[in-house]
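Here is the file query_17.txt (compact mmCIF, C-alpha atoms).
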```txt
# COMPACT_ATOMS: atom_id res chain seq x y z
CA MET A 127 74.80 115.15 111.08
CA SER A 128 77.78 117.05 112.50
CA LEU A 129 78.72 113.90 114.42
CA TRP A 130 78.74 111.69 111.34
CA PRO A 131 82.43 112.23 110.51
CA GLU A 132 83.28 111.26 114.10
CA PHE A 133 81.19 108.12 113.79
CA VAL A 134 83.00 107.10 110.61
CA LYS A 135 86.37 107.69 112.29
CA ALA A 136 85.26 105.62 115.29
CA LEU A 137 84.20 102.70 113.12
CA LYS A 138 87.36 102.78 111.03
CA GLN A 139 89.60 102.95 114.08
CA GLU A 140 87.80 100.48 116.34
CA VAL A 141 86.51 97.90 113.85
CA VAL A 142 89.67 96.37 112.37
CA PRO A 143 90.98 92.87 111.60
CA ALA A 144 92.89 91.14 114.40
CA LEU A 145 94.56 87.74 114.42
CA GLY A 146 94.35 86.19 117.87
CA CYS A 147 93.48 87.62 121.25
CA THR A 148 94.54 91.26 121.18
CA GLU A 149 96.35 91.33 124.54
CA PRO A 150 98.99 88.69 123.64
CA ILE A 151 99.05 90.19 120.14
CA SER A 152 99.95 93.58 121.61
CA LEU A 153 103.00 92.04 123.29
CA ALA A 154 103.85 90.17 120.08
CA LEU A 155 103.73 93.48 118.21
CA ALA A 156 106.05 95.14 120.74
CA ALA A 157 108.48 92.22 120.34
CA ALA A 158 108.31 92.38 116.54
CA LEU A 159 108.99 96.12 116.52
CA ALA A 160 111.87 95.67 118.96
CA ALA A 161 113.36 92.89 116.82
CA ARG A 162 113.30 95.19 113.79
CA GLU A 163 115.17 97.85 115.75
CA LEU A 164 117.68 95.26 116.95
CA GLY A 165 118.44 94.19 113.39
CA LYS A 166 119.59 90.74 114.50
CA THR A 167 117.89 87.49 115.41
CA PRO A 168 116.79 87.77 119.06
CA GLN A 169 118.42 85.28 121.42
CA ARG A 170 116.43 86.13 124.54
CA ILE A 171 113.52 88.35 125.55
CA ASP A 172 112.55 90.27 128.67
CA ALA A 173 108.89 91.32 128.72
CA TRP A 174 106.66 93.26 131.09
CA VAL A 175 102.91 93.81 130.94
CA SER A 176 100.29 95.57 133.02
CA ALA A 177 98.26 93.52 135.48
CA ASN A 178 95.17 93.66 133.27
CA LEU A 179 97.09 92.57 130.20
CA MET A 180 98.60 89.72 132.23
CA LYS A 181 95.06 88.67 133.20
CA ASN A 182 93.88 88.70 129.60
CA GLY A 183 96.91 86.91 128.20
CA MET A 184 97.52 84.04 130.60
CA GLY A 185 95.00 81.54 129.27
CA VAL A 186 94.58 82.17 125.55
CA THR A 187 96.01 80.15 122.66
CA VAL A 188 98.29 82.17 120.38
CA PRO A 189 97.34 81.61 116.70
CA GLY A 190 99.53 79.23 114.77
CA THR A 191 101.38 77.97 117.83
CA GLY A 192 99.01 75.64 119.67
CA THR A 193 100.49 77.14 122.84
CA VAL A 194 98.86 79.24 125.54
CA GLY A 195 100.12 82.46 127.08
CA LEU A 196 102.14 85.64 126.76
CA PRO A 197 105.68 84.16 126.60
CA ILE A 198 105.02 82.34 123.31
CA ALA A 199 103.43 85.50 121.90
CA ALA A 200 106.58 87.47 122.71
CA ALA A 201 108.84 84.77 121.28
CA VAL A 202 107.10 84.27 117.93
CA GLY A 203 106.50 88.00 117.62
CA ALA A 204 110.23 88.63 117.95
CA LEU A 205 111.23 85.79 115.64
CA GLY A 206 108.59 85.97 112.94
CA GLY A 207 106.18 88.84 113.52
CA ASP A 208 105.42 91.44 110.87
CA PRO A 209 106.00 94.77 112.64
CA ASP A 210 103.92 96.63 110.03
CA ALA A 211 100.84 94.41 110.34
CA LYS A 212 99.59 95.81 113.66
CA LEU A 213 96.97 93.43 115.11
CA GLU A 214 97.76 90.89 112.37
CA VAL A 215 101.41 90.81 113.40
CA LEU A 216 101.49 86.98 113.48
CA LYS A 217 99.73 86.35 110.16
CA ASN A 218 102.84 85.09 108.31
CA LEU A 219 104.41 82.84 110.95
CA THR A 220 106.26 79.80 109.63
CA VAL A 221 106.53 76.37 111.24
CA GLU A 222 110.25 76.99 111.74
CA GLN A 223 109.65 80.28 113.55
CA VAL A 224 107.09 78.71 115.85
CA ALA A 225 109.49 75.86 116.64
CA ALA A 226 112.27 78.36 117.38
CA GLY A 227 109.94 80.29 119.68
CA LYS A 228 109.02 77.16 121.60
CA GLN A 229 112.71 76.33 121.91
CA MET A 230 113.34 79.77 123.45
CA LEU A 231 110.67 79.04 126.05
CA ALA A 232 112.08 75.58 126.76
CA GLU A 233 115.52 77.06 127.36
CA GLY A 234 114.16 79.72 129.72
CA LYS A 235 115.11 82.59 127.42
CA VAL A 236 111.78 84.44 127.69
CA LYS A 237 111.21 86.25 130.99
CA LEU A 238 107.83 87.81 131.79
CA GLY A 239 106.81 90.08 134.63
CA VAL A 240 104.12 92.53 135.74
CA ALA A 241 105.12 96.13 135.05
CA ALA A 242 104.76 98.73 137.79
CA VAL A 243 102.89 101.18 135.57
CA PRO A 244 99.61 103.09 135.97
CA ASN A 245 98.43 102.11 132.48
CA ILE A 246 95.64 99.56 132.34
CA LEU A 247 96.94 98.33 128.98
CA TYR A 248 100.74 98.13 128.75
CA ALA A 249 103.14 95.81 126.94
CA GLU A 250 106.94 96.13 126.79
CA ALA A 251 109.45 93.86 125.11
CA CYS A 252 113.25 94.03 125.30
CA VAL A 253 114.97 91.71 122.82
CA TRP A 254 118.63 90.76 123.05
CA HIS A 255 121.38 89.45 120.80
CA GLY A 256 124.53 89.16 122.87
CA ASP A 257 124.94 92.51 124.60
CA ALA A 258 122.88 94.38 121.99
CA CYS A 259 119.28 95.14 122.87
CA ALA A 260 116.20 96.98 121.64
CA ARG A 261 113.12 97.89 123.64
CA VAL A 262 109.58 98.87 122.61
CA ALA A 263 106.67 99.84 124.87
CA ILE A 264 102.99 100.02 123.92
CA ALA A 265 100.37 101.67 126.16
CA ASP A 266 96.66 102.49 126.40
CA ALA A 267 95.77 101.03 123.00
CA HIS A 268 96.92 97.74 121.53
CA THR A 269 99.08 99.31 118.79
CA ASN A 270 99.98 102.61 120.47
CA VAL A 271 103.81 102.74 120.63
CA ILE A 272 105.07 105.19 123.24
CA ARG A 273 108.78 104.29 123.52
CA ILE A 274 111.52 102.80 121.35
CA GLU A 275 115.12 102.31 122.51
CA ARG A 276 118.21 100.69 121.00
CA ASN A 277 121.25 99.96 123.17
CA GLY A 278 120.11 102.51 125.71
CA GLU A 279 119.52 105.28 123.15
CA VAL A 280 115.96 106.63 123.18
CA LEU A 281 114.69 106.78 119.60
CA LEU A 282 111.07 107.61 120.45
CA LYS A 283 109.42 108.78 123.64
CA ARG A 284 106.00 110.27 124.07
CA GLU A 285 103.15 110.29 126.52
CA ALA A 286 100.41 107.81 125.70
CA ALA A 287 97.90 110.64 125.52
CA ASP A 288 100.03 112.34 122.84
CA ALA A 289 100.22 109.24 120.70
CA LYS A 290 96.66 109.19 119.44
CA PRO A 291 96.09 107.91 115.92
CA VAL A 292 95.64 110.47 113.16
CA GLU A 293 92.01 109.39 112.87
CA SER A 294 91.21 109.80 116.59
CA TYR A 295 87.58 110.56 117.29
CA GLU A 296 85.41 112.17 119.93
CA LEU A 297 81.97 110.83 120.86
CA GLY A 298 81.51 112.78 124.09
CA ASP A 299 78.32 114.56 122.98
CA ALA A 300 76.81 111.61 121.14
CA THR A 301 73.68 109.77 122.20
CA ALA A 302 72.32 106.37 121.28
CA ARG A 303 69.71 108.12 119.15
CA ASP A 304 72.48 109.92 117.24
CA VAL A 305 74.11 106.56 116.53
CA TYR A 306 70.79 105.11 115.35
CA ASP A 307 70.11 108.03 113.03
CA PHE A 308 73.59 107.77 111.52
CA ALA A 309 73.38 104.03 110.88
CA THR A 310 69.94 104.26 109.31
CA ARG A 311 70.37 107.47 107.31
CA ALA A 312 74.02 107.89 106.33
CA PRO A 313 74.89 107.41 102.65
CA LEU A 314 75.62 103.75 102.06
CA GLU A 315 79.08 104.42 100.68
CA MET A 316 80.02 106.03 104.01
CA ILE A 317 79.51 102.79 105.95
CA GLU A 318 79.81 100.06 103.32
CA PHE A 319 83.23 98.97 104.62
CA ILE A 320 81.57 97.45 107.70
CA TYR A 321 80.39 94.55 105.52
CA ASP A 322 83.88 93.07 105.93
CA ALA A 323 82.95 92.25 109.54
CA ALA A 324 80.33 89.82 108.27
CA VAL A 325 82.81 88.20 105.89
CA LEU A 326 85.65 87.72 108.40
CA ASN A 327 83.61 86.68 111.40
CA SER A 328 81.38 84.33 109.38
CA ALA A 329 84.54 82.56 108.19
CA LEU A 330 85.58 82.17 111.84
CA ALA A 331 82.17 80.76 112.68
CA ASP A 332 82.46 78.21 109.87
CA GLU A 333 85.91 77.21 111.12
CA GLY A 334 84.69 76.93 114.69
CA MET A 335 81.87 74.61 113.69
CA SER A 336 84.52 72.02 112.82
CA GLY A 337 84.77 71.37 116.56
CA LYS A 338 88.57 71.54 116.62
CA TYR A 339 88.98 74.66 118.75
CA GLY A 340 88.72 75.69 122.37
CA LEU A 341 85.77 74.22 124.23
CA HIS A 342 84.02 73.60 120.84
CA ILE A 343 80.78 74.93 122.33
CA GLY A 344 79.23 75.90 119.02
CA ALA A 345 79.82 72.45 117.52
CA THR A 346 78.54 70.81 120.72
CA LEU A 347 75.31 72.81 120.61
CA GLN A 348 74.83 71.81 116.98
CA ARG A 349 75.26 68.13 117.87
CA GLN A 350 72.66 68.47 120.62
CA ILE A 351 70.24 70.00 118.11
CA GLU A 352 70.78 67.02 115.85
CA ALA A 353 70.28 64.70 118.83
CA GLY A 354 66.99 66.38 119.72
CA LEU A 355 68.16 67.87 123.03
CA LEU A 356 67.90 71.42 121.67
CA SER A 357 65.37 72.84 119.24
CA GLU A 358 66.39 74.11 115.83
CA GLY A 359 65.45 77.77 115.46
CA LEU A 360 66.66 81.33 115.23
CA LEU A 361 67.95 81.49 118.82
CA SER A 362 69.88 78.24 118.48
CA ARG A 363 71.43 79.45 115.22
CA ILE A 364 72.48 82.71 116.87
CA LEU A 365 74.08 80.82 119.74
CA THR A 366 75.86 78.16 117.68
CA ARG A 367 77.36 80.41 115.03
CA THR A 368 78.33 83.25 117.36
CA THR A 369 79.88 80.88 119.88
CA ALA A 370 81.65 78.85 117.19
CA ALA A 371 83.40 81.99 115.97
CA SER A 372 84.63 82.65 119.50
CA ASP A 373 85.71 79.01 119.88
CA ALA A 374 87.89 79.35 116.78
CA ARG A 375 89.26 82.73 117.75
CA MET A 376 90.20 81.75 121.30
CA GLY A 377 91.36 78.27 120.28
CA GLY A 378 94.12 79.55 118.03
CA ALA A 379 92.60 79.45 114.54
CA THR A 380 94.81 81.25 112.03
CA LEU A 381 91.97 83.40 110.70
CA PRO A 382 91.50 87.06 111.58
CA ALA A 383 88.48 88.32 113.49
CA MET A 384 86.96 91.69 112.78
CA SER A 385 87.46 93.25 116.19
CA ASN A 386 85.59 95.97 118.04
CA SER A 387 87.23 98.30 120.58
CA GLY A 388 90.42 96.25 120.56
CA SER A 389 88.79 92.84 121.05
CA GLY A 390 88.08 90.07 118.58
CA ASN A 391 85.43 88.57 120.83
CA GLN A 392 83.67 91.91 121.04
CA GLY A 393 83.77 92.12 117.26
CA ILE A 394 82.31 88.62 116.97
CA ALA A 395 79.60 89.42 119.52
CA ALA A 396 78.64 92.58 117.65
CA THR A 397 78.62 90.83 114.26
CA MET A 398 77.37 87.25 114.24
CA PRO A 399 73.92 87.61 115.88
CA VAL A 400 73.18 90.38 113.38
CA VAL A 401 74.36 88.24 110.46
CA VAL A 402 72.23 85.29 111.55
CA VAL A 403 69.08 87.41 111.98
CA ALA A 404 69.74 89.10 108.64
CA GLU A 405 69.85 85.67 107.00
CA HIS A 406 66.64 84.70 108.78
CA VAL A 407 64.69 87.72 107.50
CA LYS A 408 66.41 87.52 104.08
CA ALA A 409 67.74 91.06 104.43
CA ASP A 410 69.42 92.61 101.42
CA ARG A 411 73.03 93.76 101.52
CA GLU A 412 72.26 97.38 102.41
CA THR A 413 69.96 96.40 105.26
CA LEU A 414 72.65 94.11 106.68
CA ILE A 415 75.30 96.82 106.35
CA ARG A 416 73.15 99.34 108.23
CA ALA A 417 72.37 96.85 110.98
CA LEU A 418 76.08 96.02 111.33
CA ALA A 419 76.99 99.71 111.44
CA LEU A 420 74.40 100.24 114.16
CA SER A 421 75.62 97.25 116.14
CA HIS A 422 79.32 98.06 115.97
CA LEU A 423 78.88 101.77 116.61
CA ILE A 424 76.57 101.22 119.60
CA ALA A 425 79.23 98.82 120.94
CA VAL A 426 81.94 101.47 120.46
CA TYR A 427 79.71 104.16 121.98
CA ILE A 428 79.12 102.10 125.12
CA HIS A 429 82.77 101.05 125.36
CA THR A 430 83.93 104.68 125.36
CA ARG A 431 82.22 104.88 128.77
CA LEU A 432 84.29 101.97 130.09
CA PRO A 433 87.97 101.43 130.89
CA LYS A 434 89.97 99.84 128.07
CA LEU A 435 90.32 96.72 130.23
CA SER A 436 88.39 96.11 133.45
CA ALA A 437 86.61 93.56 135.60
CA LEU A 438 83.51 93.96 133.45
CA CYS A 439 83.29 91.53 130.53
CA ALA A 440 82.97 93.82 127.51
CA VAL A 441 81.48 91.05 125.38
CA THR A 442 78.29 92.02 127.22
CA THR A 443 78.42 95.59 125.94
CA ALA A 444 79.32 94.49 122.42
CA SER A 445 76.26 92.24 122.53
CA MET A 446 74.17 95.30 123.40
CA GLY A 447 75.25 96.58 120.01
CA ALA A 448 74.12 93.29 118.47
CA ALA A 449 70.75 93.67 120.20
CA ALA A 450 70.39 97.06 118.54
CA GLY A 451 71.21 95.58 115.15
CA MET A 452 68.82 92.66 115.62
CA ALA A 453 66.02 94.96 116.78
CA GLN A 454 66.45 97.07 113.66
CA LEU A 455 66.40 94.01 111.39
CA LEU A 456 63.16 92.88 113.04
CA ASN A 457 61.59 96.30 112.34
CA GLY A 458 61.51 97.42 115.95
CA GLY A 459 62.93 100.87 115.22
CA TYR A 460 64.65 103.06 117.79
CA PRO A 461 62.17 102.33 120.61
CA ALA A 462 63.03 98.61 120.48
CA VAL A 463 66.75 99.40 120.23
CA SER A 464 66.74 101.52 123.38
CA MET A 465 64.50 99.12 125.29
CA ALA A 466 66.68 96.11 124.42
CA ILE A 467 69.87 97.83 125.55
CA SER A 468 68.28 98.84 128.86
CA SER A 469 67.06 95.28 129.47
CA MET A 470 70.52 93.88 128.78
CA ILE A 471 72.07 96.28 131.27
CA GLY A 472 69.57 94.97 133.79
CA ASP A 473 70.46 91.39 132.85
CA LEU A 474 74.23 91.28 132.32
CA ALA A 475 75.73 94.14 134.37
CA GLY A 476 78.44 92.70 136.57
CA MET A 477 79.51 89.73 134.43
CA ILE A 478 83.20 89.54 135.25
CA CYS A 479 86.18 89.33 132.93
CA ASP A 480 88.52 86.71 134.37
CA GLY A 481 91.00 86.87 131.54
CA ALA A 482 90.95 85.86 127.91
CA SER A 483 90.61 82.09 127.51
CA ASN A 484 88.59 79.42 125.78
CA SER A 485 85.82 80.02 128.31
CA CYS A 486 85.22 83.46 126.76
CA ALA A 487 83.06 81.60 124.26
CA MET A 488 80.71 80.78 127.14
CA LYS A 489 80.32 84.49 127.89
CA VAL A 490 79.80 85.19 124.19
CA SER A 491 77.02 82.60 124.12
CA THR A 492 75.37 83.97 127.27
CA SER A 493 75.53 87.55 125.97
CA ALA A 494 74.16 86.65 122.54
CA GLY A 495 71.26 84.84 124.16
CA SER A 496 70.58 87.78 126.45
CA GLY A 497 70.59 90.12 123.47
CA PHE A 498 68.02 88.13 121.53
CA LYS A 499 65.83 87.74 124.62
CA ALA A 500 65.96 91.50 125.21
CA VAL A 501 64.99 92.15 121.59
CA LEU A 502 61.99 89.81 121.82
CA MET A 503 60.89 91.59 125.00
CA ALA A 504 61.27 94.97 123.31
CA LEU A 505 59.23 93.89 120.29
CA ASP A 506 56.50 92.98 122.78
CA GLY A 507 56.78 96.39 124.44
CA THR A 508 58.55 95.13 127.58
CA ARG A 509 61.84 96.23 129.14
CA VAL A 510 63.69 96.48 132.44
CA THR A 511 62.46 99.85 133.66
CA GLY A 512 64.15 102.78 135.29
CA ASN A 513 62.66 101.72 138.61
CA GLU A 514 64.92 98.66 138.75
CA GLY A 515 68.58 98.44 139.76
CA ILE A 516 71.12 100.53 137.86
CA VAL A 517 68.82 100.88 134.84
CA ALA A 518 67.42 104.36 134.22
CA HIS A 519 64.40 105.46 132.23
CA ASP A 520 66.73 106.96 129.61
CA VAL A 521 69.03 104.53 127.78
CA ASP A 522 71.98 106.92 127.73
CA VAL A 523 71.77 107.33 131.50
CA SER A 524 71.63 103.53 131.83
CA ILE A 525 74.82 103.30 129.76
CA ALA A 526 76.47 105.98 131.90
CA ASN A 527 75.51 104.05 135.04
CA LEU A 528 77.07 100.90 133.61
CA GLY A 529 80.23 102.90 132.96
CA LYS A 530 80.32 104.06 136.57
CA LEU A 531 79.97 100.48 137.75
CA ALA A 532 82.91 99.36 135.60
CA THR A 533 85.24 102.27 136.30
CA GLN A 534 84.57 102.77 140.00
CA GLY A 535 82.55 99.97 141.53
CA MET A 536 84.49 97.01 140.09
CA ALA A 537 88.07 98.24 140.66
CA GLN A 538 88.60 96.02 143.71
CA THR A 539 86.92 93.14 141.90
CA ASP A 540 89.54 93.40 139.15
CA THR A 541 92.37 93.26 141.68
CA GLN A 542 90.87 90.21 143.36
CA ILE A 543 90.34 88.38 140.06
CA LEU A 544 93.97 88.87 139.08
CA GLN A 545 95.18 87.71 142.50
CA ILE A 546 93.14 84.52 142.25
CA MET A 547 94.53 83.88 138.78
CA MET A 548 98.13 84.59 139.77
CA ASP A 549 97.82 82.23 142.77
CA LYS A 550 97.01 79.42 140.32
CA ARG A 551 100.32 79.79 138.43
```
What do you get writing this file as structure tokens?
Amino acid sequence: MSLWPEFVKALKQEVVPALGCTEPISLALAAALAARELGKTPQRIDAWVSANLMKNGMGVTVPGTGTVGLPIAAAVGALGGDPDAKLEVLKNLTVEQVAAGKQMLAEGKVKLGVAAVPNILYAEACVWHGDACARVAIADAHTNVIRIERNGEVLLKREAADAKPVESYELGDATARDVYDFATRAPLEMIEFIYDAAVLNSALADEGMSGKYGLHIGATLQRQIEAGLLSEGLLSRILTRTTAASDARMGGATLPAMSNSGSGNQGIAATMPVVVVAEHVKADRETLIRALALSHLIAVYIHTRLPKLSALCAVTTASMGAAAGMAQLLNGGYPAVSMAISSMIGDLAGMICDGASNSCAMKVSTSAGSGFKAVLMALDGTRVTGNEGIVAHDVDVSIANLGKLATQGMAQTDTQILQIMMDKR
């Protein structure tokens, strides 16, 4: 019970609304903050991002713009972003501001480069009006401002490690069992806020089913069900609705996602399979809330063992949270939760992140399917055992092993992925 306050802090900090892919949004936020410091309409922008943020921002549609990439995010952030809205910085964009941003790009007034910084997550924007300029840098977390300058004068400077949010949390001593006990036993009022994840991400799923966004995978799967090429059932509903939400999110829908660990897709992956299973078993509101709290907190717990951005696709780990939530809804208890997570580590470890793009919805679909398969195995008493691969007999050791793979084993993989992507430009 002593960890419960830390769990609440973790959920409140890591499960928040976000409009658009959070890497371009981080640069948009830096540009919006810099524009406020400048106090004039920006005429040109110089931007720098870390290699990993470049990877995750190259191929994603920025909400409300219909345009892909980091330069448009910087431009519309500077011209119309709300600097106080954090990950919803672009929620109030106007048509005129978007048009002005596209004009800046057409005139070559937005320059973008890779920053020579050690930070995995880094975004810096310098906005100009004539000879006047303002600069803002964000590092290590998507809204973590570490430097503000105006006309060469340093207004704020701090180390990223010293810029932790007031509600920072520590899960170092936690176990998966601790997370399970919290989600299933904590007073409802302590975790009730997590219900908003179901509301926001279900709205994204509904929007994505229109078939207007990204690769429209969710809508395509639904058409194939209607055509008789796929069977209607719980698995197909999990896949279509979860993937449709990702389609909408990555395709530029102007609806917020409830994110997890700085990612809208991770938030979708941790939410929608749980929502669909809850509907299937006709769960009441409290049961859904507890399953969502379990899912999102397991996802956060696993992600604390990983780099903020890496070569490992973190939709897979968020879906391990969803597997936990689904197992609980299907009355599997903690044994099924731990077994399902271990099986997913045996199944999905090594799925690469090759940048945020419409194809992320494919990875969301694959991970959601893996999660449900692992839950069905667990309910039947079957799991990937500790005798196989990187999976251990103990689920927390399995999670630690996955973290080692991401932080150490896949470092060169990440460099190679980025090089391949940069060669395509």
Name all residues at most 6 Å from Leu153 of chain A (count all atoms listed in the file; drop same-chain ones fewer than 2 positions away) and give them as a PyMOL selection string.
-> chain A and resi 150-151+155-156+200+249
Between segment 199-308 of chain A and segment 419-423 of chain A, at 10 Å or less, what are the per-residue closest atom pairs and their distances in Å? Count all atoms listed in the file, order by chain and rising residue number, and return it as a Markdown table.
```
| residue | atom | partner | partner_atom | distance |
| --- | --- | --- | --- | --- |
| A:Ala302 | CA | A:Leu423 | CA | 9.3 |
| A:Val305 | CA | A:Leu420 | CA | 6.8 |
| A:Tyr306 | CA | A:Leu420 | CA | 6.2 |
| A:Asp307 | CA | A:Leu420 | CA | 9.0 |
| A:Phe308 | CA | A:Leu420 | CA | 8.0 |
```
How would the residues just picked look written out with C-alpha atoms as a PDB file, in the frame of the given file?
```pdb
ATOM      1  CA  ALA A 302      72.320 106.370 121.280  1.00  0.00           C
ATOM      2  CA  VAL A 305      74.110 106.560 116.530  1.00  0.00           C
ATOM      3  CA  TYR A 306      70.790 105.110 115.350  1.00  0.00           C
ATOM      4  CA  ASP A 307      70.110 108.030 113.030  1.00  0.00           C
ATOM      5  CA  PHE A 308      73.590 107.770 111.520  1.00  0.00           C
TER       6      PHE A 308
END
```
Around segment 399-406 of chain A, fit a box with edges along x, y and z, padding it by 3 Å on each side, then list its centre and edge lengths in Å to one decimal as lines of an AutoDock Vina configuration file.
```
center_x = 70.5
center_y = 87.5
center_z = 111.4
size_x = 13.7
size_y = 11.7
size_z = 14.9
```
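Picture a line from atom CA of Gly165 of chain A to atom CA of Cys252 of chain A; it runs 13.0 Å.
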Would you work out the distance separating atom CA of Cys147 of chain A from atom CA of Pro382 of chain A, expressed in Å to one decimal?
->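 These two atoms are separated by 9.9 Å.
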Among the residues A:Lys530, A:Arg170, A:Lys434, A:Arg411, the one that comes closest to Asp266 of chain A [using only C-alpha atoms] |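 When distances to Asp266 of chain A are compared using only C-alpha atoms, the smallest one comes from A:Lys434.
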Which polymer residues have any atom within 7 Å of an atom of Gly206 of chain A, counting only C-alpha atoms, with same-chain residues fewer than 2 positions away left out, as a PyMOL selection string?
-> chain A and resi 202-204+208+219+223
Pick out the closest residue to Thr413 of chain A from this set: A:His268, A:Arg162, A:Lys235, A:Arg311. Count only C-alpha atoms.
->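 Among the listed residues, the smallest separation from Thr413 of chain A belongs to A:Arg311.
Using all atoms listed in the file, the smallest distance between any of A:Gly472, A:Pro168, A:Pro143, A:Gly190 and Asp257 of chain A comes from A:Pro168.
Nearest to Ile351 of chain A of all the residues A:Val253, A:Leu365, A:Ala475, A:Val280 is A:Leu365, based on only C-alpha atoms.
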Rounded to one decimal place, report the atom CA of Ala487 of chain A-atom CA of Thr511 of chain A distance in Å.
->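 A separation of 29.1 Å between them.
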For Pro313 of chain A, which residue out of A:Val262, A:Ala226, A:Ala353, A:Val134 is the nearest one, using all atoms listed in the file?
-> A:Val134
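Between Ala526 of chain A and the candidates A:Asn457, A:Asn513, A:Thr301, A:Thr442, the tightest atom-to-atom separation, counting all atoms listed in the file, involves A:Thr301.
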So which residues are close to (70.9, 104.0, 121.2), meaning at most 12 Å away in the file's coordinates with all atoms listed in the file counted, and can you show them as a VMD selection string?
-> chain A and resid 300 to 310 420 to 428 446 to 451 453 to 454 459 to 468 520 to 525
Could you name the residues that touch Gly476 of chain A at 12 Å or less, counting all atoms listed in the file, but leaving out those on the same chain fewer than 5 positions away, as a VMD selection string?
-> chain A and resid 436 to 443 470 to 471 515 to 516 527 to 533 535 to 537 539 to 540
Leaving out Gln348 of chain A and any residue of its chain fewer than 4 positions from it, which residues lie within 7 Å of it when counting all atoms listed in the file, given as a PyMOL selection string?
-> chain A and resi 344+352+366
For segment 282-284 of chain A, list every protein, DNA or RNA residue within 6 Å, evaluated using all atoms listed in the file, and leave out those in the same chain fewer than 2 positions away; present the list as a PyMOL selection string.
-> chain A and resi 272-274+280
